[in-house]
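Trainee: The following block contains the structure, expressed as structure tokens.
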Amino acid sequence: MLGEMGSLAKTLTLRTVQGFCVIGITAALALAIPRWAYPGLYPDEQGWGGLADAMGRAFFDFDFGVACGWVGCPRVGDMWLRGYAADVWMLFGTVAIGVGAGFALGLWCAGRADSRRARVVERAAVVLYCTPAYVIGLGVLLLFHPTFGTLPLPYFFDAAPIRASPLSSPWDWFRSLLVPWLVAAAPLAAMCLRLVVALLREQEGTDHVRTAVAKGVPHKRVIRHHAGPFARAATASLVGVSAPIVVLNLILVERVFAVQGFFVHTAKATGRTGDGKQDGLRGGTAPSIDLEMLVGIAIWASVFVVVLSFVMEFALLRLDPRVRAARHV
């Protein structure tokens with residue numbers, strides 16, 4: 001037991017160090033590219049010394065520069081502080097709903113393999129998996145928005161963006177995130193459902209499952225209690241390797257539903273105006289994109305990818321004893 005715990009601690013420590021390395025490399029690239037591409041904008045930050053100084057300000061002083069694409073040129077760090085909580089809640093809700101619903105529906109479909117309802121759910125999962133998250137979001141708006149939707153659904157859509165806290169105004173906080181959660185979680189739930197169904201159907205031919213069936217255990221109970229545990233580790237592994245896709249969907253969904261997180265600024269930072277057109281050059285020397293804001297968004301996205309991968313790695317170690325044994329060896 002002590003050896004297994006020591007191996008687990010060693011693995012988690014290694015993953016933590018690797019995560020910090022990934023974030024550091026991402027920050028170095030994000031800060032170096034604009035300084036290399038547009039040296040005239042950073043005359044005092046050229047070479048390795050300039051890059052090291054920029055990274056020091058970013059990580060120790062939380063200074064990513066100012067976002068002059070916004071009125072008044074606010075500090076990127078201040079904008080991050082106003083929006084990071086919504087991003088964290090979006091990630092937590094998306095993963096919880098996507099994994100929970102996908103796994104539960106996968107068990108349900110596997111236990112009713114020959115039913116029409118199970119086939120309908122599986123085909124719906126294929127559609128959700130193949131459809132981009134922003135397309136699903138726009139479709140939801142066109143269907144259910146209380147102002148212009150075909151089937152108006154009040155209370156969950158507002159023309160003005162909502163910035164709320166789960167402590168001060170829990171209802172406004174919940175209704176501002178519920179629909180974005182569901183839309184962002186839909187592709188993840190579809191992936192998990194298809195994986196769980198495939199794995200459980202493979203497990204039906206194994207010895208322990210056939211033994212349970214021969215003893216008269218009901219089929220649905222066999223799926224849940226005998227075959228189901230084998231899909232948990234694979235689901236955690238799938239979510240871990242899909243972390244970049246999950247974060248990308250968060251960015252797209254926050255844009256569609258105007259969630260007041262830090263990622264919502266991505267479209268404007270890339271130089272897109274409200275009418276969908278791209279701005280020209282600023283004064284003929286600088287691109288219309290907000291480089292400092294994009295650097296902050298890139299680093300924040302890398303943190304999300306690393307954290308989600310780390311959590312899924314820990315879940316995999318806890319769920320699959322074979323992985324723990326292999327790491328111990």
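Just remember, in the structure tokens the first chain shown is A, the second B, etc., residues are 1-based per chain, and ligands are 1-based in the order shown.
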Which residues of stretch 104-134 of chain A come within 12 Å of stretch 75-99 of chain A, and what is each one's closest atom pair and distance in Å (one decimal), counting only C-alpha atoms, sorted by chain and residue number, as a tab-separated table?

Mentor:
```
residue	atom	partner	partner_atom	distance
A:Ala104	CA	A:Val99	CA	8.4
A:Leu105	CA	A:Val99	CA	9.9
A:Gly106	CA	A:Val99	CA	10.3
A:Ala125	CA	A:Gly98	CA	11.7
A:Leu128	CA	A:Gly98	CA	11.7
A:Tyr129	CA	A:Gly98	CA	11.6
```

Trainee: If you count only C-alpha atoms, which residues fall within 8 Å of stretch 263-266 of chain A, apart from same-chain ones fewer than 4 positions away, as a PyMOL selection string?

Mentor: chain A and resi 83+87+250-251+254-255+258-259+270+293-294+297

Trainee: Let's have the selection written as a PDB file, in the first residue's frame, with C-alpha atoms.

Mentor:
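Wrote it out as part25.pdb, contents follow:
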```pdb
ATOM      1  CA  GLY A  83     -13.873  37.153 -16.034  1.00  0.00           C
ATOM      2  CA  ASP A  87     -14.511  30.573 -17.208  1.00  0.00           C
ATOM      3  CA  LEU A 250     -15.812  26.832 -24.200  1.00  0.00           C
ATOM      4  CA  ILE A 251     -14.352  29.752 -26.139  1.00  0.00           C
ATOM      5  CA  GLU A 254     -18.889  31.947 -24.485  1.00  0.00           C
ATOM      6  CA  ARG A 255     -18.867  34.036 -27.655  1.00  0.00           C
ATOM      7  CA  ALA A 258     -22.013  36.349 -24.285  1.00  0.00           C
ATOM      8  CA  VAL A 259     -20.883  34.585 -21.102  1.00  0.00           C
ATOM      9  CA  THR A 270      -8.597  38.853 -33.217  1.00  0.00           C
ATOM     10  CA  MET A 293      -5.098  40.240 -25.084  1.00  0.00           C
ATOM     11  CA  LEU A 294      -4.396  37.238 -27.321  1.00  0.00           C
ATOM     12  CA  ILE A 297      -6.045  34.272 -23.653  1.00  0.00           C
TER      13      ILE A 297
END
```

Trainee: Quick one: everything within 12 Å of A:Gln18, counting only C-alpha atoms, minus sequence neighbours fewer than 4 positions away in the same chain. Send it as a PyMOL selection string.

Mentor: chain A and resi 11-14+22-25+303+306-307+309-310

Trainee: How far is it from atom CA of A:Trp70 to atom CA of A:Val253, in Å with one decimal?

Mentor: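 If I compute the distance from atom CA of A:Trp70 to atom CA of A:Val253, I get 21.3 Å.
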
Trainee: Work out how far apart atom CA of A:Arg35 and atom CA of A:Val247 are and give it in Å to one decimal.

Mentor: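 The value is 26.1 Å.
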
Trainee: What does the distance from atom CA of A:Glu204 to atom CA of A:Pro229 come to in Å, to one decimal?

Mentor: 12.8 Å

Trainee: Name all residues at most 12 Å from A:Ala236 (count only C-alpha atoms; drop same-chain ones fewer than 5 positions away) and give them as a PyMOL selection string.

Mentor: chain A and resi 95-96+98-100+102-103+188+191-192+195-196+229-231+241-243+308-320

Trainee: For A:Thr26, which residue among A:Val305, A:Ala298, A:Cys68, A:Leu51 is the nearest when counting only C-alpha atoms?

Mentor: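 Between A:Val305, A:Ala298, A:Cys68, A:Leu51, the residue approaching A:Thr26 most closely is A:Ala298.
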
Trainee: Neighbours of A:Arg201 within 12 Å (only C-alpha atoms; same-chain residues fewer than 5 positions away dropped), as a PyMOL selection string?

Mentor: chain A and resi 106-107+109-114+194-196+206+209+219+222-223+227-228+230-231

Trainee: My list of candidates is A:Leu193, A:Ala214, A:Val135, A:Ala301. Which is closest to A:Pro244 when distances are computed with only C-alpha atoms?

Mentor: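 Comparing A:Leu193, A:Ala214, A:Val135, A:Ala301 against A:Pro244, the winner is A:Ala301.
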
Trainee: Could you list, as a PyMOL selection string, every residue within 10 Å of A:Leu291, counting only C-alpha atoms and ignoring same-chain residues fewer than 3 positions away?

Mentor: chain A and resi 30-31+33-35+64-69+269-271+286-288+294-297

Trainee: Keeping only C-alpha atoms, write the selected residues to a file as a PDB file, in the first residue's frame.

Mentor:
```
ATOM      1  CA  ALA A  30       2.858  33.539 -27.109  1.00  0.00           C
ATOM      2  CA  LEU A  31       5.088  36.392 -25.925  1.00  0.00           C
ATOM      3  CA  ILE A  33       5.854  35.579 -31.632  1.00  0.00           C
ATOM      4  CA  PRO A  34       4.502  39.170 -31.618  1.00  0.00           C
ATOM      5  CA  ARG A  35       7.917  40.514 -30.605  1.00  0.00           C
ATOM      6  CA  PHE A  64       0.341  41.259 -19.628  1.00  0.00           C
ATOM      7  CA  GLY A  65       0.187  44.808 -20.922  1.00  0.00           C
ATOM      8  CA  VAL A  66      -2.869  46.837 -21.881  1.00  0.00           C
ATOM      9  CA  ALA A  67      -5.713  45.950 -24.244  1.00  0.00           C
ATOM     10  CA  CYS A  68      -5.954  48.967 -26.533  1.00  0.00           C
ATOM     11  CA  GLY A  69      -8.663  47.276 -28.570  1.00  0.00           C
ATOM     12  CA  ALA A 269      -9.007  40.473 -29.786  1.00  0.00           C
ATOM     13  CA  THR A 270      -8.597  38.853 -33.217  1.00  0.00           C
ATOM     14  CA  GLY A 271      -9.774  42.070 -34.869  1.00  0.00           C
ATOM     15  CA  ALA A 286       0.158  47.688 -36.226  1.00  0.00           C
ATOM     16  CA  PRO A 287      -2.346  44.942 -36.939  1.00  0.00           C
ATOM     17  CA  SER A 288      -5.916  45.382 -35.791  1.00  0.00           C
ATOM     18  CA  LEU A 294      -4.396  37.238 -27.321  1.00  0.00           C
ATOM     19  CA  VAL A 295      -1.287  36.429 -25.295  1.00  0.00           C
ATOM     20  CA  GLY A 296      -3.341  36.442 -22.085  1.00  0.00           C
ATOM     21  CA  ILE A 297      -6.045  34.272 -23.653  1.00  0.00           C
TER      22      ILE A 297
END
```

Trainee: If you run DSSP on the backbone, which residues of stretch 48-255 of chain A are alpha helix (DSSP H), as a PyMOL selection string?

Mentor: chain A and resi 48-60+76-111+116-130+133-144+170-203+207-214+219-222+229-241+243-255

Trainee: Check the smallest atom-to-atom distance from each of A:Gly50, A:Gly72, A:Gly19, A:Pro132 to A:Pro187 using only C-alpha atoms, then report the winner.

Mentor: A:Pro132
